[in-house]
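Text of model_32.tsv (TSV, C-alpha atoms) as supplied:
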```
chain	number	residue	atom	x	y	z
A	930	MET	CA	3.63	36.65	60.97
A	931	THR	CA	3.39	33.84	58.48
A	932	THR	CA	5.02	34.06	55.13
A	933	THR	CA	3.85	31.86	52.30
A	934	TYR	CA	6.42	31.01	49.70
A	935	CYS	CA	4.99	30.20	46.33
A	936	THR	CA	7.25	28.08	44.22
A	937	THR	CA	6.55	26.96	40.73
A	938	VAL	CA	7.15	23.28	40.30
A	939	PRO	CA	7.95	22.21	36.75
A	940	GLU	CA	5.20	20.11	35.30
A	941	THR	CA	6.18	17.27	33.04
A	942	VAL	CA	4.13	15.71	30.32
A	943	SER	CA	5.40	12.77	28.31
A	944	ILE	CA	4.39	12.61	24.65
A	945	GLU	CA	4.78	9.18	23.14
A	946	ILE	CA	4.76	9.00	19.36
A	947	GLY	CA	5.99	5.99	17.40
A	948	GLY	CA	6.95	4.29	20.63
A	949	ILE	CA	9.36	7.11	21.53
A	950	ALA	CA	8.46	9.03	24.67
A	951	ILE	CA	9.62	12.63	24.93
A	952	ALA	CA	9.23	14.37	28.29
A	953	LEU	CA	8.33	18.06	28.06
A	954	ARG	CA	8.85	20.09	31.20
A	955	THR	CA	7.29	23.50	31.64
A	956	GLN	CA	6.83	25.88	34.56
A	957	ASP	CA	3.57	27.10	33.08
A	958	PRO	CA	0.49	25.07	34.10
A	959	SER	CA	-1.63	26.49	31.30
A	960	PHE	CA	0.93	25.49	28.67
A	961	HIS	CA	1.12	22.07	30.29
A	962	ARG	CA	-2.64	21.73	29.83
A	963	LEU	CA	-2.38	22.98	26.27
A	964	ILE	CA	0.15	20.25	25.47
A	965	GLU	CA	-1.96	17.57	27.14
A	966	ASN	CA	-5.02	18.63	25.16
A	967	ARG	CA	-3.21	18.94	21.87
A	968	TYR	CA	-1.64	15.50	22.14
A	969	THR	CA	-4.61	13.68	23.58
A	970	GLY	CA	-4.11	9.97	23.06
A	971	PHE	CA	-0.35	10.36	22.88
A	972	VAL	CA	0.30	11.36	26.48
A	973	GLY	CA	2.52	8.57	27.73
A	974	GLU	CA	1.80	6.70	30.89
A	975	SER	CA	5.32	5.37	31.28
A	976	PRO	CA	7.34	7.55	33.67
A	977	LYS	CA	10.48	6.83	31.68
A	978	SER	CA	11.09	8.98	28.62
A	979	GLN	CA	13.87	8.54	26.10
A	980	LEU	CA	14.31	12.30	25.74
A	981	GLU	CA	13.68	15.29	27.95
A	982	PHE	CA	13.13	18.91	27.03
A	983	ASP	CA	12.82	21.90	29.34
A	984	ILE	CA	10.52	24.50	27.83
A	985	ASP	CA	11.08	28.16	28.55
A	986	LEU	CA	8.16	30.27	27.36
A	987	CYS	CA	9.25	33.70	26.19
A	988	GLU	CA	8.94	36.21	23.39
A	989	LEU	CA	11.86	35.96	21.01
A	990	SER	CA	12.62	39.59	20.32
A	991	ASP	CA	15.52	39.03	17.93
A	992	SER	CA	13.54	37.19	15.32
A	993	SER	CA	10.58	37.40	13.01
A	994	PRO	CA	7.89	34.69	13.11
A	995	ASP	CA	8.54	34.13	9.41
A	996	ASP	CA	12.22	33.32	9.82
A	997	ASP	CA	13.22	30.23	7.89
A	998	LEU	CA	13.69	26.99	9.72
A	999	GLU	CA	17.30	26.08	10.41
A	1000	VAL	CA	18.44	22.70	11.73
A	1001	LYS	CA	22.13	21.99	12.16
A	1002	ILE	CA	24.50	20.07	14.36
A	1003	ASP	CA	27.20	21.94	16.23
A	1004	ALA	CA	29.69	20.31	18.59
A	1005	GLY	CA	27.53	17.23	18.91
A	1006	GLU	CA	24.38	19.19	19.69
A	1007	TRP	CA	21.42	19.73	17.38
A	1008	LEU	CA	20.36	23.36	17.07
A	1009	LEU	CA	16.84	24.07	15.84
A	1010	LYS	CA	15.75	27.57	15.02
A	1011	ARG	CA	12.67	29.23	13.60
A	1012	GLY	CA	10.98	32.56	14.15
A	1013	ASP	CA	8.89	31.23	17.01
A	1014	PHE	CA	11.40	28.94	18.72
A	1015	ARG	CA	15.02	28.15	19.50
A	1016	ALA	CA	15.85	24.64	20.63
A	1017	ARG	CA	18.92	22.60	21.34
A	1018	TRP	CA	19.16	18.89	21.85
A	1019	ASN	CA	22.10	16.75	22.82
A	1020	PRO	CA	21.65	13.19	21.53
A	1021	GLU	CA	24.36	11.94	23.93
A	1022	THR	CA	22.59	13.08	27.06
A	1023	SER	CA	19.09	12.86	25.50
A	1024	ARG	CA	18.34	16.26	27.01
A	1025	GLY	CA	17.44	19.55	25.45
A	1026	GLN	CA	15.96	23.00	25.93
A	1027	ILE	CA	13.29	24.83	24.00
A	1028	ARG	CA	12.76	28.58	24.14
A	1029	GLN	CA	9.52	29.37	22.43
A	1030	SER	CA	6.49	31.57	22.32
A	1031	CYS	CA	3.35	30.18	23.92
A	1032	SER	CA	2.32	28.58	20.65
A	1033	PRO	CA	1.38	24.96	20.03
A	1034	TYR	CA	2.83	25.22	16.52
A	1035	ALA	CA	6.33	25.76	17.87
A	1036	ILE	CA	6.35	22.64	20.04
A	1037	ASP	CA	4.67	20.71	17.24
A	1038	CYS	CA	7.47	21.66	14.85
A	1039	VAL	CA	10.19	20.80	17.38
A	1040	LEU	CA	8.66	17.36	17.95
A	1041	ARG	CA	8.45	16.66	14.22
A	1042	ILE	CA	12.10	17.62	13.72
A	1043	VAL	CA	13.35	15.63	16.69
A	1044	HIS	CA	11.46	12.55	15.51
A	1045	THR	CA	12.88	12.87	11.98
A	1046	LEU	CA	16.39	13.08	13.42
A	1047	ILE	CA	15.87	10.02	15.61
A	1048	LEU	CA	14.21	8.03	12.84
A	1049	ALA	CA	16.92	8.87	10.31
A	1050	GLY	CA	19.38	6.88	12.38
A	1051	GLN	CA	17.00	3.93	12.64
A	1052	GLY	CA	15.94	3.50	9.02
A	1053	GLY	CA	12.58	5.22	9.49
A	1054	PHE	CA	11.06	8.54	8.52
A	1055	LEU	CA	8.09	10.87	8.66
A	1056	VAL	CA	6.38	11.22	5.31
A	1057	HIS	CA	3.64	13.41	3.87
A	1058	ALA	CA	0.99	10.71	3.79
A	1059	ALA	CA	-2.32	9.82	5.30
A	1060	SER	CA	-2.37	6.35	6.81
A	1061	ALA	CA	-4.93	3.95	8.11
A	1062	ILE	CA	-5.12	0.41	9.48
A	1063	ARG	CA	-7.59	-2.00	7.99
A	1064	GLY	CA	-7.70	-5.73	8.62
A	1065	GLY	CA	-4.50	-5.51	10.66
A	1066	LYS	CA	-2.57	-3.94	7.78
A	1067	ALA	CA	-1.46	-0.34	7.42
A	1068	PHE	CA	-1.87	1.56	4.16
A	1069	LEU	CA	-0.16	4.85	3.37
A	1070	PHE	CA	-1.58	7.41	0.95
A	1071	SER	CA	1.19	9.73	-0.03
A	1072	GLY	CA	1.19	13.06	-1.76
A	1073	LEU	CA	1.91	16.69	-1.24
A	1074	SER	CA	-0.73	19.27	-0.40
A	1075	GLY	CA	-3.83	18.89	-2.56
A	1076	ALA	CA	-3.09	15.30	-3.63
A	1077	GLY	CA	-6.06	13.94	-1.68
A	1078	LYS	CA	-4.71	12.83	1.71
A	1079	THR	CA	-7.52	14.47	3.64
A	1080	THR	CA	-10.10	13.35	1.08
A	1081	ILE	CA	-9.11	9.68	1.25
A	1082	SER	CA	-9.05	9.90	5.06
A	1083	ARG	CA	-12.53	11.38	5.11
A	1084	LEU	CA	-13.80	8.57	2.86
A	1085	ALA	CA	-12.34	5.81	5.05
A	1086	PRO	CA	-14.91	3.13	5.99
A	1087	PRO	CA	-15.90	2.63	9.64
A	1088	ASP	CA	-13.68	-0.44	10.02
A	1089	ALA	CA	-10.56	1.57	9.15
A	1090	THR	CA	-8.51	3.14	11.93
A	1091	LEU	CA	-7.11	6.49	10.89
A	1092	LEU	CA	-3.49	6.97	11.93
A	1093	THR	CA	-3.13	10.43	10.42
A	1094	ASP	CA	-4.45	12.49	7.55
A	1095	GLU	CA	-1.19	14.39	7.10
A	1096	ILE	CA	2.11	13.03	8.44
A	1097	SER	CA	2.75	9.29	8.63
A	1098	TYR	CA	5.26	7.81	11.01
A	1099	VAL	CA	7.26	4.88	9.62
A	1100	ARG	CA	9.69	2.78	11.62
A	1101	ARG	CA	11.71	-0.20	10.54
A	1102	GLU	CA	11.39	-3.33	12.61
A	1103	GLY	CA	13.52	-6.16	11.23
A	1104	ASN	CA	12.48	-6.80	7.66
A	1105	ARG	CA	9.23	-4.93	7.84
A	1106	TYR	CA	8.02	-1.40	8.37
A	1107	MET	CA	5.48	-0.32	10.93
A	1108	ALA	CA	3.19	2.68	10.54
A	1109	TYR	CA	2.32	4.51	13.76
A	1110	GLY	CA	-0.42	6.99	14.44
A	1111	THR	CA	0.59	10.61	14.90
A	1112	PRO	CA	-1.01	13.66	16.45
A	1113	PHE	CA	0.20	15.70	13.46
A	1114	ALA	CA	-3.12	16.54	11.86
A	1115	GLY	CA	-3.90	18.11	8.52
A	1116	GLU	CA	-7.14	19.62	7.28
A	1117	LEU	CA	-9.22	17.08	9.18
A	1118	ALA	CA	-7.89	18.68	12.36
A	1119	ARG	CA	-8.23	15.31	14.00
A	1120	VAL	CA	-5.48	13.62	15.98
A	1121	GLY	CA	-4.74	10.13	14.67
A	1122	GLU	CA	-5.23	6.96	16.67
A	1123	ASN	CA	-2.22	5.91	18.71
A	1124	GLN	CA	-1.93	2.48	17.14
A	1125	CYS	CA	0.45	0.74	14.78
A	1126	ALA	CA	0.49	-2.01	12.16
A	1127	PRO	CA	2.83	-3.40	9.50
A	1128	VAL	CA	2.85	-1.34	6.31
A	1129	SER	CA	1.20	-3.40	3.59
A	1130	ALA	CA	1.33	-0.91	0.72
A	1131	VAL	CA	1.86	2.70	-0.20
A	1132	PHE	CA	-0.37	4.47	-2.68
A	1133	LEU	CA	0.86	7.55	-4.49
A	1134	LEU	CA	-2.29	9.63	-4.74
A	1135	GLU	CA	-3.71	11.23	-7.84
A	1136	LYS	CA	-7.25	12.43	-8.36
A	1137	GLY	CA	-8.86	11.23	-11.57
A	1138	LEU	CA	-12.02	10.09	-13.35
A	1139	GLN	CA	-11.95	6.46	-12.24
A	1140	ASN	CA	-10.51	4.36	-9.44
A	1141	ARG	CA	-7.39	2.61	-10.61
A	1142	ILE	CA	-4.26	1.10	-9.11
A	1143	GLU	CA	-1.21	1.00	-11.36
A	1144	PRO	CA	2.39	-0.10	-11.00
A	1145	VAL	CA	5.02	2.62	-10.72
A	1146	GLY	CA	8.63	2.34	-11.94
A	1147	PRO	CA	11.47	2.46	-9.41
A	1148	SER	CA	12.64	5.85	-10.59
A	1149	GLU	CA	9.26	7.49	-10.03
A	1150	VAL	CA	8.80	5.67	-6.73
A	1151	MET	CA	12.07	7.04	-5.41
A	1152	ARG	CA	11.46	10.52	-6.78
A	1153	ARG	CA	8.01	10.71	-5.18
A	1154	LEU	CA	9.11	9.12	-1.94
A	1155	LEU	CA	12.08	11.44	-1.50
A	1156	ARG	CA	9.91	14.44	-2.32
A	1157	ASN	CA	7.42	13.47	0.38
A	1158	ILE	CA	9.76	12.44	3.20
A	1159	LEU	CA	10.11	15.16	5.81
A	1160	PHE	CA	13.66	16.17	6.35
A	1161	PHE	CA	14.92	19.37	7.85
A	1162	ALA	CA	18.58	19.00	8.71
A	1163	ASP	CA	21.36	20.53	6.70
A	1164	ASP	CA	23.63	17.54	7.24
A	1165	PRO	CA	25.09	15.45	4.39
A	1166	GLU	CA	25.46	12.31	6.51
A	1167	LEU	CA	21.79	12.38	7.44
A	1168	VAL	CA	20.79	13.04	3.83
A	1169	LYS	CA	22.62	9.83	2.93
A	1170	LEU	CA	20.81	7.94	5.68
A	1171	VAL	CA	17.42	9.17	4.51
A	1172	PHE	CA	18.24	8.18	0.94
A	1173	GLN	CA	19.26	4.69	2.06
A	1174	SER	CA	16.11	4.40	4.18
A	1175	ALA	CA	13.95	5.36	1.20
A	1176	CYS	CA	15.71	2.78	-0.97
A	1177	GLU	CA	15.26	0.05	1.66
A	1178	PHE	CA	11.62	0.96	2.13
A	1179	ALA	CA	10.96	0.93	-1.62
A	1180	SER	CA	12.59	-2.48	-1.93
A	1181	LEU	CA	10.43	-4.05	0.81
A	1182	VAL	CA	7.05	-2.35	0.52
A	1183	PRO	CA	4.81	-2.41	-2.58
A	1184	ILE	CA	4.27	1.12	-3.88
A	1185	HIS	CA	1.54	1.85	-6.45
A	1186	ARG	CA	-0.15	4.81	-8.04
A	1187	LEU	CA	-3.75	5.22	-6.90
A	1188	THR	CA	-5.90	7.33	-9.17
A	1189	PHE	CA	-9.22	7.90	-7.48
A	1190	VAL	CA	-12.60	9.50	-7.73
A	1191	PRO	CA	-13.43	11.18	-4.43
A	1192	ASP	CA	-16.16	8.84	-3.24
A	1193	GLN	CA	-16.22	5.88	-0.86
A	1194	ARG	CA	-15.89	3.23	-3.58
A	1195	VAL	CA	-12.17	3.89	-3.76
A	1196	TRP	CA	-11.74	1.91	-0.54
A	1197	GLU	CA	-13.17	-1.19	-2.26
A	1198	ILE	CA	-9.94	-1.62	-4.25
A	1199	ILE	CA	-7.57	-1.01	-1.34
A	1200	CYS	CA	-6.41	-4.31	0.08
B	1237	MET	CA	55.40	18.05	-26.02
B	1238	LEU	CA	52.93	20.66	-27.16
B	1239	ILE	CA	53.78	22.11	-30.56
B	1240	ALA	CA	52.75	25.71	-31.29
B	1241	GLY	CA	49.42	25.84	-33.07
B	1242	GLU	CA	48.44	22.34	-32.10
B	1243	ILE	CA	45.23	22.13	-30.25
B	1244	MET	CA	45.35	19.59	-27.53
B	1245	MET	CA	42.32	18.63	-25.54
B	1246	ALA	CA	43.07	18.08	-21.87
B	1247	GLU	CA	42.13	14.66	-20.59
B	1248	LYS	CA	39.28	14.57	-18.15
B	1249	TYR	CA	39.34	12.26	-15.14
B	1250	ILE	CA	36.17	11.67	-13.20
B	1251	ALA	CA	35.56	10.27	-9.73
B	1252	ARG	CA	32.50	9.77	-7.59
B	1253	SER	CA	32.21	12.32	-4.81
B	1254	LYS	CA	32.09	11.35	-1.14
B	1255	ALA	CA	29.07	13.58	-0.67
B	1256	ILE	CA	26.61	11.35	-2.47
B	1257	ALA	CA	24.36	8.42	-1.83
B	1258	ALA	CA	23.85	5.92	-4.63
B	1259	ARG	CA	21.99	2.71	-5.05
B	1260	LEU	CA	20.79	0.34	-7.72
B	1261	VAL	CA	17.02	0.00	-7.30
B	1262	GLY	CA	14.99	-2.21	-9.61
B	1263	GLY	CA	17.81	-2.19	-12.15
B	1264	GLU	CA	18.10	1.60	-12.20
B	1265	MET	CA	20.94	3.55	-10.64
B	1266	MET	CA	19.72	6.27	-8.29
B	1267	VAL	CA	22.12	8.96	-7.16
B	1268	MET	CA	21.48	11.77	-4.72
B	1269	SER	CA	23.70	14.66	-3.75
B	1270	ALA	CA	24.09	14.82	0.02
B	1271	VAL	CA	24.91	18.50	-0.34
B	1272	ASP	CA	21.88	19.88	-2.19
B	1273	SER	CA	19.67	16.75	-2.21
B	1274	THR	CA	19.32	16.76	-5.99
B	1275	PHE	CA	18.29	13.35	-7.21
B	1276	PHE	CA	19.21	11.66	-10.46
B	1277	THR	CA	18.18	8.41	-12.07
B	1278	LEU	CA	20.84	7.24	-14.47
B	1279	ASN	CA	20.07	5.46	-17.71
B	1280	GLU	CA	22.18	2.51	-18.84
B	1281	VAL	CA	24.84	4.59	-20.55
B	1282	ALA	CA	25.09	7.09	-17.70
B	1283	SER	CA	25.24	4.17	-15.25
B	1284	ALA	CA	28.15	2.66	-17.15
B	1285	ILE	CA	30.06	5.97	-17.01
B	1286	TRP	CA	29.21	6.29	-13.31
B	1287	GLN	CA	30.50	2.78	-12.55
B	1288	ALA	CA	33.69	3.48	-14.47
B	1289	ALA	CA	34.36	6.80	-12.70
B	1290	ASP	CA	37.35	5.50	-10.77
B	1291	GLY	CA	39.40	8.71	-10.96
B	1292	ARG	CA	42.15	6.95	-12.91
B	1293	THR	CA	40.60	6.16	-16.27
B	1294	PRO	CA	40.34	9.14	-18.64
B	1295	LEU	CA	36.78	9.92	-19.72
B	1296	SER	CA	37.80	9.51	-23.37
B	1297	LYS	CA	38.94	5.97	-22.62
B	1298	ILE	CA	35.71	5.21	-20.78
B	1299	VAL	CA	33.81	6.39	-23.84
B	1300	THR	CA	35.83	4.51	-26.45
B	1301	GLY	CA	36.66	1.44	-24.40
B	1302	LYS	CA	33.34	0.94	-22.65
B	1303	ILE	CA	30.45	3.03	-23.93
B	1304	CYS	CA	31.10	2.60	-27.64
B	1305	GLN	CA	31.78	-1.12	-27.19
B	1306	GLU	CA	28.81	-1.90	-24.99
B	1307	PHE	CA	26.20	0.34	-26.57
B	1308	ASP	CA	27.20	0.42	-30.25
B	1309	VAL	CA	27.22	4.19	-30.45
B	1310	ASP	CA	29.17	6.65	-32.58
B	1311	PRO	CA	32.30	7.81	-30.68
B	1312	GLU	CA	31.75	11.54	-31.26
B	1313	GLN	CA	28.15	11.35	-30.24
B	1314	ALA	CA	29.07	9.27	-27.19
B	1315	GLN	CA	31.78	11.74	-26.17
B	1316	ARG	CA	29.38	14.69	-26.45
B	1317	GLY	CA	26.77	12.87	-24.36
B	1318	ALA	CA	29.38	11.87	-21.77
B	1319	ASP	CA	30.67	15.46	-21.53
B	1320	ARG	CA	27.14	16.77	-20.94
B	1321	PHE	CA	26.45	14.12	-18.31
B	1322	VAL	CA	29.71	14.79	-16.50
B	1323	ASP	CA	29.14	18.56	-16.60
B	1324	GLU	CA	25.68	18.23	-15.12
B	1325	LEU	CA	26.63	15.89	-12.32
B	1326	SER	CA	29.76	17.84	-11.49
B	1327	GLN	CA	27.66	21.00	-11.08
B	1328	HIS	CA	25.89	19.28	-8.20
B	1329	GLY	CA	29.14	17.96	-6.74
B	1330	ILE	CA	28.18	14.38	-7.56
B	1331	LEU	CA	31.13	13.76	-9.86
B	1332	LEU	CA	34.58	15.23	-9.32
B	1333	VAL	CA	36.34	16.29	-12.50
B	1334	SER	CA	40.05	16.90	-12.91
B	1335	ASP	CA	42.62	17.10	-15.70
B	1336	GLN	CA	44.83	14.86	-13.53
B	1337	PRO	CA	44.01	11.43	-12.13
B	1338	VAL	CA	42.01	11.81	-8.96
B	1339	VAL	CA	44.02	10.13	-6.22
B	1340	GLU	CA	41.64	10.15	-3.29
B	1341	ILE	CA	38.65	8.14	-4.31
B	1342	ASP	CA	35.88	7.33	-1.94
B	1343	PHE	CA	35.30	3.65	-2.50
B	1344	SER	CA	32.64	3.68	0.20
B	1345	ALA	CA	30.52	5.67	-2.24
B	1346	SER	CA	30.43	2.70	-4.60
B	1347	PRO	CA	26.84	1.93	-5.39
B	1348	GLU	CA	25.07	-0.63	-3.31
B	1349	ARG	CA	22.67	-3.05	-4.84
B	1350	GLY	CA	19.12	-3.07	-3.65
```

Written form, structure tokens:
Amino acid sequence: MTTTYCTTVPETVSIEIGGIAIALRTQDPSFHRLIENRYTGFVGESPKSQLEFDIDLCELSDSSPDDDLEVKIDAGEWLLKRGDFRARWNPETSRGQIRQSCSPYAIDCVLRIVHTLILAGQGGFLVHAASAIRGGKAFLFSGLSGAGKTTISRLAPPDATLLTDEISYVRREGNRYMAYGTPFAGELARVGENQCAPVSAVFLLEKGLQNRIEPVGPSEVMRRLLRNILFFADDPELVKLVFQSACEFASLVPIHRLTFVPDQRVWEIIC
Amino acid sequence: MLIAGEIMMAEKYIARSKAIAARLVGGEMMVMSAVDSTFFTLNEVASAIWQAADGRTPLSKIVTGKICQEFDVDPEQAQRGADRFVDELSQHGILLVSDQPVVEIDFSASPERG
């Protein structure tokens, strides 16, 4: 008699965003495929990842899907919790676990949070902004929902490379900031290009009756920037870091108000 | 010595909290609470009070010795404005207020220039 033992081998997929590779390990081949499809263009080829997460797919019976997001550090370990996931991550060992429902939104949220935590310690951040590369320079178009991020992305000329229509990824490199493409899509439902370029300018979006670029005072710049930077952790030290990062960014990168009419001519004044 | 019937206003000492981030950006002082993330931009007068909040100098002396001198403002009006400013920032834990000098001051919270 022959007995066949079926073992499930964990499948690993490495997602590389902003130059940071995070290995996600799951026992479920279909979820593995889902991740690969969702993050097309960001699946890393390097076998070495800076962080590793084991994903355990399950139904979380003790929570409601609408539970508020909670991010805190406890005994040196980050604890992330929402209705559809529980995650822990130890920055010392660079390893973590995720218990989540079989939903792409849960893993998406975990990745966003982990990246904000990493970036906070490096002078970078994720920000509510569309971004695109044109002529080797990256431009960010920042605003909350309804400000026009998707509209300006849709109007981008063919020679512009869209990095994201929703969440921009900003890293500090020496005395400049680089914008990276992200798979975090907004209404366009289109994954950004996995490319990067130095940030040349940020435009604070406002819809109006004519296309106009205006200077913005430091107070408004900081207020708008801080409002749009993604930050989840309930941790005073990290809040300070994000504040300092925003100040540094505002001191090195030109930030203007862009009032625009939603047609393609707006891109003629972006340079 | 406090004489019966005499009304004596307690001195107010103010100090910058440890739980804040502050920075001078483009000539304007920006302050954020690290506890509730409230963000304030201080005008020139508020900035001067903020800079002088060393925990040792009474607020009344900051007003008469600094604000009134530097900004040519009526002392009563300046004191009222300073009280309002201190109340508001203390509600967010940005300024610490005491009727005694504040001994433990976080000098690391001194504003950076940017």

>> (-12.4, -1.7, 8.5) in this file's frame - what residues fall within 7 Å of it? Use only C-alpha atoms and give the answer as a list in words.
In response: Arg1063, Gly1064, Pro1086, Pro1087, Asp1088 and Ala1089 of chain A

Could you please tell me, as a count of residues only, which residues of chain B have an atom within 6 Å of chain A when using all atoms listed in the file?
4

Report, in Å to a single decimal, how far apart CA of Ala950 (chain A) and CA of Gly973 (chain A) are.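 For CA of Gly973 (chain A) relative to CA of Ala950 (chain A), the distance reads 6.7 Å.
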
**Report entry** Closest of A:Ser1030, A:Thr1022, A:Ser978, A:Ser1060 to Val942 (chain A) - atom-to-atom distances counting all atoms listed in the file
**Finding:**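 Selected residue with least distance to Val942 (chain A): A:Ser978.
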
Would you pick out the contacts of region 967-972 of chain A at 7 Å or less, using all atoms listed in the file, so that residues sharing its chain but fewer than 4 positions from it are not included, and give the list as a list in words?
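Using all atoms listed in the file, the neighbours found are Val942, Ser943, Ile944, Glu945, Ile946, Leu963, Pro1112 and Asn1123 of chain A.
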
Can you tell me, as a ChimeraX atom specification, what residues are no more than 12 Å from Trp1286 (chain B) when counting all atoms listed in the file, ignoring any on the same chain fewer than 4 positions away?
-> /B:1249-1253,1258-1260,1265-1267,1276-1282,1290-1291,1293,1295,1298-1299,1302-1303,1318,1321-1322,1325-1326,1330-1332,1345-1347

For Phe1189 (chain A), the nearest of the candidates A:Pro1127, A:Gly1053, A:Gly1077, A:Gly1065, counting only C-alpha atoms: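 Going through A:Pro1127, A:Gly1053, A:Gly1077, A:Gly1065 one by one, the smallest distance to Phe1189 (chain A) is for A:Gly1077.
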
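From CA of Phe1070 (chain A) back to CA of Glu1135 (chain A), the distance works out to 9.8 Å.
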
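Nearest to Asn1140 (chain A) of all the residues A:Val1190, A:Ile1184, A:Ile1047, A:Ala1126 is A:Val1190, counting only C-alpha atoms.
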
Report, as JSON, the axis-aligned box around all atoms of region 995-1002 of chain A present in the file, extended by 6 Å on each side; give centre and edge lengths in Å to one decimal place.
```
{"center_x": 16.5, "center_y": 27.1, "center_z": 11.1, "size_x": 28.0, "size_y": 26.1, "size_z": 18.5}
```

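Shortest atom-to-atom contact with Leu1187 (chain A) among A:Arg1083, A:Arg1011, A:Arg1105, A:Lys1078: A:Lys1078, counting all atoms listed in the file.
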
Interatomic distance (Å, one decimal) between CA of Cys1304 (chain B) and CA of Ala1255 (chain B):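 Between CA of Cys1304 (chain B) and CA of Ala1255 (chain B) the gap is 29.2 Å.
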
Exercise. Give as number ranges by chain the set of residues within 10 Å of the point (2.9, 35.4, 20.7), where distances use the file's coordinates and only C-alpha atoms.
Key: A: 986-989, 994, 1013, 1029-1032

(message) List as number ranges by chain the protein and nucleic acid residues near Leu1073 (chain A), meaning an atom at most 8 Å away when all atoms listed in the file are counted, but skip any in the same chain fewer than 3 places from it.
(response) A: 1057-1058, 1076, 1157

Within 6 Å of Ala1061 (chain A), counting all atoms listed in the file, which residues qualify if same-chain residues fewer than 3 places away don't, as a list in words?
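In the requested format, the answer is Ala1067, Phe1068, Thr1090, Leu1091 and Leu1092 of chain A.
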
query: Pick the closest to Tyr1034 (chain A) from A:Gly947, A:Ser1174, A:Phe1113, A:Leu1134: which is it, counting all atoms listed in the file?
result: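 Ranked by minimum distance to Tyr1034 (chain A), first place goes to A:Phe1113.
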
Restricting to all atoms listed in the file, whichever of A:Met1107, A:Leu1159, A:Val1145, A:Ala1114 is closest to Arg1041 (chain A) is A:Leu1159

All residues 12 Å or closer to Arg954 (chain A), all atoms listed in the file, same chain fewer than 5 positions away omitted, as a list in words: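 Using all atoms listed in the file, the neighbours found are Thr937, Val938, Pro939, Glu940, Thr941, Val942, Ser943, Ile944, Phe960, His961, Arg962, Ile964, Glu965, Ser978, Leu980, Glu981, Phe982, Asp983, Ile984, Asp985, Leu986, Arg1024, Gly1025, Gln1026, Ile1027, Arg1028 and Ile1036 of chain A.
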